[in-house]
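S.K.: Sending over a structure as structure tokens; questions will come in a sec.
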Number of protein chains: 2
Amino acid sequence: MSPTPAGPDAAPAAAPGAPPARLDPAVAARLKQDPSGLVAAVVQQHGTGEVLMLAWMDEQALALTLTTGRATYWSRSRGELWRKGDTSGHVQHVRSVALDCDGDALLVVVDQVGAACHTGTATCFDGRDLGAVVGGTP
Amino acid sequence: MSPTPAGPDAAPAAAPGAPPARLDPAVAARLKQDPSGLVAAVVQQHGTGEVLMLAWMDEQALALTLTTGRATYWSRSRGELWRKGDTSGHVQHVRSVALDCDGDALLVVVDQVGAACHTGTATCFDGRDLGAVVGGTP
């Protein structure tokens, strides 16, 4: 189901220096991937709780994220593994990763270096409010 | 592209009391939906910053969330609109909604009543840590 090439050559090309990684079968069994083999990854800043971005992971990206200390995703637009910060310098150091109750979403808590968003804003949601009507308080 | 029935009868059936809603065309034009007509919605607790859950919205769910003060999603498992809390009582009162830089993810900030997760945990990620190796600090 994974869109990642299965060969051991795939990971180093996209994530220089990172060894090929195999996901713990016990974790893999809990994943509920979409038809493209991906799960959503919510990325949150450690300490402040800011939601920085939403990205996507296949099994290889999750295995690398769990074992290397560097957040690694699957780029749907480029169709390749993407270790955050390799191009921009805006690295994400992993603090924790949790899988949700349904197995289709990850919460990746990181220490973000620089701006999380490729547009230069601190998060991908900054300045993009949709003006929702505010509901009643509980 | 939306999986929601287009007729005006659809919303009241799934979200009792909520009027049919049409999404602002300017917002609709910014959405980048997946092949099922959905965008991911990261749901965060107002004030604490806790990430509560990840859900999905079609245009109708987003329109209702933006205009009614109540967080409303598209249930992929049930194939219907789902106004959070109608069955469980665990309502989400909307505080703000933002769309990300790519148009394929929403950040919905809410005041959560009761547990966010259908399993009874406060968030869908609680107690589900995957034991990641911690990266270096910046």
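Residue names in the structure tokens use chain letters A, B, ... in the order shown, residue numbers from 1 in each chain, and ligand numbers from 1 in the order shown.
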Would you mind listing what lies within 10 Å of Thr123 of chain A as a ChimeraX atom specification, with only C-alpha atoms counted and same-chain residues fewer than 4 positions away left out?
M.R.: /A:43-45,50-54,115-119,127 /B:100-101
S.K.: Name the residues of segment 31-75 of chain B that fall into alpha helix (DSSP H) according to DSSP on the backbone, using the chain letters and numbers of this document, as a VMD selection string.
M.R.: chain B and resid 59 to 68
S.K.: Go ahead and save the residues from that selection, with C-alpha atoms, as a tab-separated table (two decimals), in the first residue's frame.
M.R.:
```
chain	number	residue	atom	x	y	z
B	59	GLU	CA	-17.74	21.92	2.15
B	60	GLN	CA	-21.04	21.54	3.97
B	61	ALA	CA	-19.37	20.58	7.26
B	62	LEU	CA	-17.03	23.57	6.97
B	63	ALA	CA	-19.90	25.92	6.15
B	64	LEU	CA	-21.83	24.70	9.21
B	65	THR	CA	-18.75	24.95	11.44
B	66	LEU	CA	-18.10	28.52	10.29
B	67	THR	CA	-21.67	29.74	10.75
B	68	THR	CA	-23.28	27.82	13.63
```
S.K.: Counting only C-alpha atoms, which residues from chain A have an atom at most 7 Å from any atom of chain B, and could you show them as an MDAnalysis selection string?
M.R.: chainID A and resid 49:50 54 66:70 93:101 105 111 113 124:125 128:138
S.K.: List every residue of chain A that DSSP, applied to the backbone of this structure, assigns to strand (DSSP E or B), and report them as a VMD selection string.
M.R.: chain A and resid 39 to 45 51 to 57 70 72 to 75 80 to 83 92 to 99 105 to 112 129
S.K.: If you keep C-alpha atoms, can you produce a file of those selected residues as a PDB file, in the first residue's frame?
M.R.:
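Saved as out29.pdb:
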```
ATOM      1  CA  VAL A  39      -1.636   8.766   7.512  1.00  0.00           C
ATOM      2  CA  ALA A  40      -2.040  12.418   8.519  1.00  0.00           C
ATOM      3  CA  ALA A  41       0.595  13.877  10.853  1.00  0.00           C
ATOM      4  CA  VAL A  42      -0.333  16.851  13.030  1.00  0.00           C
ATOM      5  CA  VAL A  43       2.860  18.673  13.967  1.00  0.00           C
ATOM      6  CA  GLN A  44       2.909  20.578  17.233  1.00  0.00           C
ATOM      7  CA  GLN A  45       5.563  22.739  18.876  1.00  0.00           C
ATOM      8  CA  VAL A  51      -0.007  23.589  15.781  1.00  0.00           C
ATOM      9  CA  LEU A  52       2.684  24.160  13.173  1.00  0.00           C
ATOM     10  CA  MET A  53       1.484  22.236  10.126  1.00  0.00           C
ATOM     11  CA  LEU A  54      -0.214  19.138   8.818  1.00  0.00           C
ATOM     12  CA  ALA A  55       1.842  16.682   6.807  1.00  0.00           C
ATOM     13  CA  TRP A  56       1.628  13.062   5.654  1.00  0.00           C
ATOM     14  CA  MET A  57       3.603   9.949   6.462  1.00  0.00           C
ATOM     15  CA  ARG A  70      14.258  14.112  12.765  1.00  0.00           C
ATOM     16  CA  THR A  72      10.369  13.018   8.062  1.00  0.00           C
ATOM     17  CA  TYR A  73       7.275  13.085   5.858  1.00  0.00           C
ATOM     18  CA  TRP A  74       5.961  11.914   2.515  1.00  0.00           C
ATOM     19  CA  SER A  75       5.551  14.824   0.120  1.00  0.00           C
ATOM     20  CA  GLU A  80       9.071  11.526  -2.332  1.00  0.00           C
ATOM     21  CA  LEU A  81      10.308  11.283   1.239  1.00  0.00           C
ATOM     22  CA  TRP A  82      10.975  14.705   2.721  1.00  0.00           C
ATOM     23  CA  ARG A  83      13.109  15.196   5.807  1.00  0.00           C
ATOM     24  CA  GLN A  92      12.141  19.605  13.322  1.00  0.00           C
ATOM     25  CA  HIS A  93      13.702  17.741  16.259  1.00  0.00           C
ATOM     26  CA  VAL A  94      11.297  15.051  17.445  1.00  0.00           C
ATOM     27  CA  ARG A  95      10.119  15.061  21.062  1.00  0.00           C
ATOM     28  CA  SER A  96       7.305  12.503  20.882  1.00  0.00           C
ATOM     29  CA  VAL A  97       4.990  10.743  18.452  1.00  0.00           C
ATOM     30  CA  ALA A  98       1.550   9.317  19.284  1.00  0.00           C
ATOM     31  CA  LEU A  99      -0.964   7.457  17.142  1.00  0.00           C
ATOM     32  CA  ALA A 105      -3.554  10.252  12.509  1.00  0.00           C
ATOM     33  CA  LEU A 106      -0.257  10.964  14.253  1.00  0.00           C
ATOM     34  CA  LEU A 107       0.625  13.718  16.691  1.00  0.00           C
ATOM     35  CA  VAL A 108       4.262  14.664  16.217  1.00  0.00           C
ATOM     36  CA  VAL A 109       5.613  16.990  18.904  1.00  0.00           C
ATOM     37  CA  VAL A 110       8.789  18.757  17.822  1.00  0.00           C
ATOM     38  CA  ASP A 111      11.266  21.496  18.518  1.00  0.00           C
ATOM     39  CA  GLN A 112      10.994  23.597  15.357  1.00  0.00           C
ATOM     40  CA  ASP A 129      -8.283  32.841   9.796  1.00  0.00           C
TER      41      ASP A 129
END
```
S.K.: Just to confirm, what's the straight-line distance from atom CA of Leu23 of chain B to atom CA of Asp58 of chain B in Å (one decimal)?
M.R.: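 Spanning atom CA of Leu23 of chain B to atom CA of Asp58 of chain B is a straight-line distance of 10.0 Å.
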